[in-house]
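Asks: There's a structure below that I have some questions on.
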Amino acid sequence: MAGLTRRRFLASAASLAAGGTAAGFAARASGQSFVDGAGLPGPYATPQWPLTDVGISPAVEQAIEKGLQYLGKRLREDGSIGSGGYPRNIAVASLAGMSFIASGSTPGRGPWGEHVTRCLDFVLTAATPDGMIIEPSSASYGPMYGHGFSTLFLAEVFGMSPDTQVRQALTRAVRLIVAAQNDEGGWRYKPASADADVSVTVCQFMALRAARNAGVGVPAVMINQAIDYIKRCQNPDGGFMYTLQQGGPSAFPRSAAAVTALFAAGLHDDKAVAAGLDYLVHNAPKSASSDHESRYFYAQYYMAQAMWHAGADVFRQWYAAASDFLVAQQRQDGSWQGDICPEYCAAMATLALQMPNNYLPIFQR
């Protein structure tokens with residue numbers, strides 16, 4: 001990726017992570033090539049870089065614990081969570097469940113094992129015979145988002161703690177995603193949508209990738225068609241448009257998501273990944289109060305994964321600035337302020353902060 005140095009990348013990534021507050025971040029970066037494509041492991045391979053080198057400071061550990069405690073207090077007895085316009089939201093419950101797992105707990109085991117179980121029970125209760133995972137009392141105009149994150153959660157649970165009921169629900173959920181893929185190769189808000197958008201498509205793709213990793217069969221042709229759709233959504237500037245049918249400009253949050261999906265597909269040395277990273281370098285928002293604020297925690301969630309796949313040195317230095325910013329923005333009760341609802345922001349933030357734990361299979365390189 002000609003012209004893209006680690007120094008230049010980190011200087012821009014620091015803006016996303018810390019809003020300009022981590023001046024020493026870029027200064028610590030070397031001038032070596034950011035990604036050369038040589039020797040990079042495929043997705044979900046045995047980690048080939050020293051994960052222990054990416055430390056979590058005591059301050060970050062405290063922020064993670066406060067965030068998990070906030071989620072634990074907000075979790076209802078039936079495993080539902082969410083507030084405002086997103087009560088009992090199935091996606092938020094799934095993201096919260098994954099955040100508890102990212103701390104090292106599994107259903108019924110570990111400090112947050114009971115909470116994982118409650119999230120899982122809520123998702124399983126919402127799993128319908130036709131495969132859709134939906135909570136009718138909190139249904140939205142875009143049920144495939146909730147379905148995608150819930151399928152991802154089930155795949156992560158099943159990959160770490162095999163269970164017949166989880167496998168059955170996961171298998172049905174995967175079949176629905178496969179059946180809902182449209183002629184463009186992607187997905188949209190509803191299962192019967194004729195068109196697609198890159199954000200929903202990434203959500204479904206990551207769910208399918210996690211399911212395959214957990215041993216649930218997914219037709220290779222579906223994976224390839226989804227990858228092709230995501231790549232066709234790339235603009236000449238390296239970022240990603242929202243839909244193929246409407247075209248339009250690139251945006252940072254969905255571009256971070258698209259790059260993460262391409263990394264997860266194993267395309268580490270693909271030109272689309274190099275161009276996407278270059279776009280992220282030049283378009284990192286300067287702070288959470290920028291015009292990207294409405295998708296800020298979504299961007300943090302996917303940016304953390306993209307940097308994780310990009311390599312140890314890059315992730316280590318990006319994480320230092322990102323964690324500094326998230327710690328500084330955490331509220332006294334352990335939550336974060338942003339779009340959707342505080343529970344969603346807390347789940348996304350704690351997932352990003354816990355990336356070095358390397359517990360969730362979908363995050364493993």
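Identifiers in this document derive from the order of the structure tokens: chains are assigned A, B, ..., residues are numbered from 1 separately in each chain, and ligands are numbered from 1 in order of occurrence.
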Would you mind writing down, as a VMD selection string, each residue of range 101-282 of chain A that DSSP on the backbone assigns to helix (DSSP H, G or I)?

Replies: chain A and resid 101 to 102 113 to 126 136 to 138 143 to 160 164 to 180 198 to 213 220 to 232 252 to 264 271 to 282

Asks: Please dump the current selection as a short mmCIF file (atom, residue, chain, number, x, y, z; two decimals), in the first residue's frame; keep C-alpha atoms.

Replies:
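Heads up, here's the output in result10.cif:
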data_model
loop_
_atom_site.label_atom_id
_atom_site.label_comp_id
_atom_site.auth_asym_id
_atom_site.auth_seq_id
_atom_site.Cartn_x
_atom_site.Cartn_y
_atom_site.Cartn_z
CA ILE A 101 -18.05 -13.00 27.27
CA ALA A 102 -15.16 -10.75 26.24
CA GLY A 113 -21.66 -16.01 33.74
CA GLU A 114 -25.17 -15.48 35.10
CA HIS A 115 -25.52 -12.35 32.98
CA VAL A 116 -24.38 -14.20 29.85
CA THR A 117 -27.00 -16.85 30.58
CA ARG A 118 -29.74 -14.25 30.96
CA CYS A 119 -28.79 -12.57 27.66
CA LEU A 120 -28.72 -15.98 26.00
CA ASP A 121 -32.12 -16.94 27.40
CA PHE A 122 -33.60 -13.70 26.08
CA VAL A 123 -32.18 -14.31 22.61
CA LEU A 124 -33.31 -17.94 22.56
CA THR A 125 -36.80 -16.92 23.65
CA ALA A 126 -36.88 -14.43 20.76
CA PRO A 136 -42.03 -8.18 18.96
CA SER A 137 -42.39 -5.60 21.73
CA SER A 138 -39.24 -3.86 20.55
CA PRO A 143 -35.09 -6.31 12.11
CA MET A 144 -32.12 -7.76 10.20
CA TYR A 145 -29.74 -5.66 12.33
CA GLY A 146 -31.03 -7.30 15.50
CA HIS A 147 -31.07 -10.68 13.81
CA GLY A 148 -27.48 -10.31 12.62
CA PHE A 149 -26.04 -9.30 16.00
CA SER A 150 -28.09 -12.01 17.74
CA THR A 151 -26.85 -14.66 15.32
CA LEU A 152 -23.30 -13.48 15.95
CA PHE A 153 -23.87 -13.75 19.71
CA LEU A 154 -25.26 -17.29 19.38
CA ALA A 155 -22.28 -18.29 17.25
CA GLU A 156 -19.84 -16.91 19.85
CA VAL A 157 -21.66 -18.75 22.65
CA PHE A 158 -21.82 -22.00 20.72
CA GLY A 159 -18.16 -21.78 19.72
CA MET A 160 -17.12 -21.55 23.37
CA THR A 164 -27.96 -28.35 21.46
CA GLN A 165 -30.58 -25.63 21.89
CA VAL A 166 -28.09 -22.94 20.90
CA ARG A 167 -27.00 -24.92 17.86
CA GLN A 168 -30.59 -25.40 16.70
CA ALA A 169 -31.42 -21.71 17.04
CA LEU A 170 -28.13 -20.74 15.41
CA THR A 171 -28.66 -23.11 12.50
CA ARG A 172 -32.15 -21.74 11.86
CA ALA A 173 -30.88 -18.17 12.13
CA VAL A 174 -28.12 -18.87 9.60
CA ARG A 175 -30.60 -20.45 7.19
CA LEU A 176 -32.72 -17.31 7.34
CA ILE A 177 -29.70 -15.12 6.57
CA VAL A 178 -28.75 -17.36 3.66
CA ALA A 179 -32.31 -17.29 2.30
CA ALA A 180 -32.52 -13.50 2.71
CA VAL A 198 -23.22 -2.21 3.12
CA SER A 199 -23.94 -1.77 6.84
CA VAL A 200 -26.59 -4.49 7.14
CA THR A 201 -24.52 -6.68 4.80
CA VAL A 202 -21.46 -6.44 7.06
CA CYS A 203 -23.65 -7.34 10.04
CA GLN A 204 -24.94 -10.49 8.34
CA PHE A 205 -21.53 -11.38 6.92
CA MET A 206 -19.86 -11.26 10.34
CA ALA A 207 -22.64 -13.47 11.72
CA LEU A 208 -22.12 -16.00 8.93
CA ARG A 209 -18.35 -15.91 9.40
CA ALA A 210 -18.74 -16.56 13.13
CA ALA A 211 -21.19 -19.39 12.46
CA ARG A 212 -18.76 -21.05 10.05
CA ASN A 213 -16.02 -20.67 12.62
CA ALA A 220 -19.18 -20.79 0.31
CA VAL A 221 -20.98 -19.15 -2.59
CA MET A 222 -22.95 -16.99 -0.13
CA ILE A 223 -19.75 -15.80 1.53
CA ASN A 224 -18.17 -15.01 -1.84
CA GLN A 225 -21.23 -13.10 -3.04
CA ALA A 226 -21.27 -11.03 0.15
CA ILE A 227 -17.58 -10.21 -0.21
CA ASP A 228 -18.16 -9.21 -3.82
CA TYR A 229 -21.05 -6.92 -2.82
CA ILE A 230 -18.97 -5.19 -0.14
CA LYS A 231 -16.09 -4.64 -2.58
CA ARG A 232 -18.44 -3.23 -5.22
CA PHE A 252 -16.19 6.67 8.03
CA PRO A 253 -18.29 4.35 10.28
CA ARG A 254 -19.49 2.05 7.50
CA SER A 255 -16.04 2.10 5.90
CA ALA A 256 -14.52 0.84 9.18
CA ALA A 257 -17.16 -1.90 9.17
CA ALA A 258 -16.46 -2.86 5.55
CA VAL A 259 -12.69 -3.05 6.12
CA THR A 260 -13.30 -5.26 9.17
CA ALA A 261 -15.42 -7.62 7.07
CA LEU A 262 -12.78 -7.84 4.34
CA PHE A 263 -10.13 -8.59 6.95
CA ALA A 264 -12.41 -11.26 8.44
CA LYS A 271 -6.17 -3.83 -2.85
CA ALA A 272 -9.64 -3.09 -1.47
CA VAL A 273 -8.32 -3.39 2.08
CA ALA A 274 -5.32 -1.16 1.35
CA ALA A 275 -7.58 1.47 -0.22
CA GLY A 276 -10.04 1.21 2.67
CA LEU A 277 -7.31 1.72 5.24
CA ASP A 278 -6.03 4.70 3.28
CA TYR A 279 -9.52 6.20 3.38
CA LEU A 280 -9.72 5.66 7.14
CA VAL A 281 -6.39 7.44 7.53
CA HIS A 282 -7.54 10.57 5.73
#

Asks: I want to know what sits within 9 Å of Gln354 in chain A, based on only C-alpha atoms, with residues of the same chain fewer than 3 positions away left out; could you give that as number ranges by chain?

Replies: A: 56, 61, 64, 99, 102-103, 349-351, 357-359

Asks: Please measure the separation of CA of Tyr302 in chain A and CA of Ala347 in chain A, giving the value in Å to one decimal.

Replies: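 Distance reported for this atom pair: 12.8 Å.
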
Asks: Using only C-alpha atoms, pick whichever of A:Ser335, A:Asp270, A:Met348, A:Ala251 has the shortest atom-to-atom distance to Gln300 in chain A.

Replies: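 Closest to Gln300 in chain A of all the choices is A:Met348.
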
Asks: Of the residues A:Gly334, A:Pro356, A:Gly186, A:Gly142, which is the one nearest to Met307 in chain A, using only C-alpha atoms?

Replies: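 Closest to Met307 in chain A of all the choices is A:Pro356.
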
Asks: Quick one, how far is CA of Gln337 in chain A from CA of Trp318 in chain A?

Replies: 21.7 Å

Asks: Leaving out Gln246 in chain A and any residue of its chain fewer than 2 positions from it, which residues lie within 12 Å of it when counting only C-alpha atoms, given as a PyMOL selection string?

Replies: chain A and resi 195-198+233+241-244+248-249

Asks: Would you output that residue set with C-alpha atoms, as a PDB file, in the first residue's frame?

Replies:
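result-v2.pdb was written with the following content:
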ATOM      1  CA  ASP A 195     -31.811  -4.291  -2.497  1.00  0.00           C
ATOM      2  CA  ALA A 196     -28.944  -4.193  -0.016  1.00  0.00           C
ATOM      3  CA  ASP A 197     -26.789  -1.781   1.952  1.00  0.00           C
ATOM      4  CA  VAL A 198     -23.215  -2.211   3.121  1.00  0.00           C
ATOM      5  CA  CYS A 233     -19.649  -0.677  -2.666  1.00  0.00           C
ATOM      6  CA  MET A 241     -21.028   4.020  -0.147  1.00  0.00           C
ATOM      7  CA  TYR A 242     -24.256   3.060   1.579  1.00  0.00           C
ATOM      8  CA  THR A 243     -26.013   1.266  -1.290  1.00  0.00           C
ATOM      9  CA  LEU A 244     -25.094   0.261  -4.813  1.00  0.00           C
ATOM     10  CA  GLY A 248     -23.297   8.264  -2.916  1.00  0.00           C
ATOM     11  CA  PRO A 249     -20.349   9.363  -0.821  1.00  0.00           C
TER      12      PRO A 249
END

Asks: Go through A:Tyr301, A:Ala214, A:Leu353, A:Pro107 one by one, measure the shortest atom-to-atom distance of each to Tyr319 in chain A using only C-alpha atoms, and give the residue with the smallest value.

Replies: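 Smallest separation from Tyr319 in chain A among the options: A:Leu353.
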
Asks: When you draw a straight line from CA of Gly266 in chain A to CA of Gly247 in chain A, how long is it in Å?

Replies: 26.1 Å
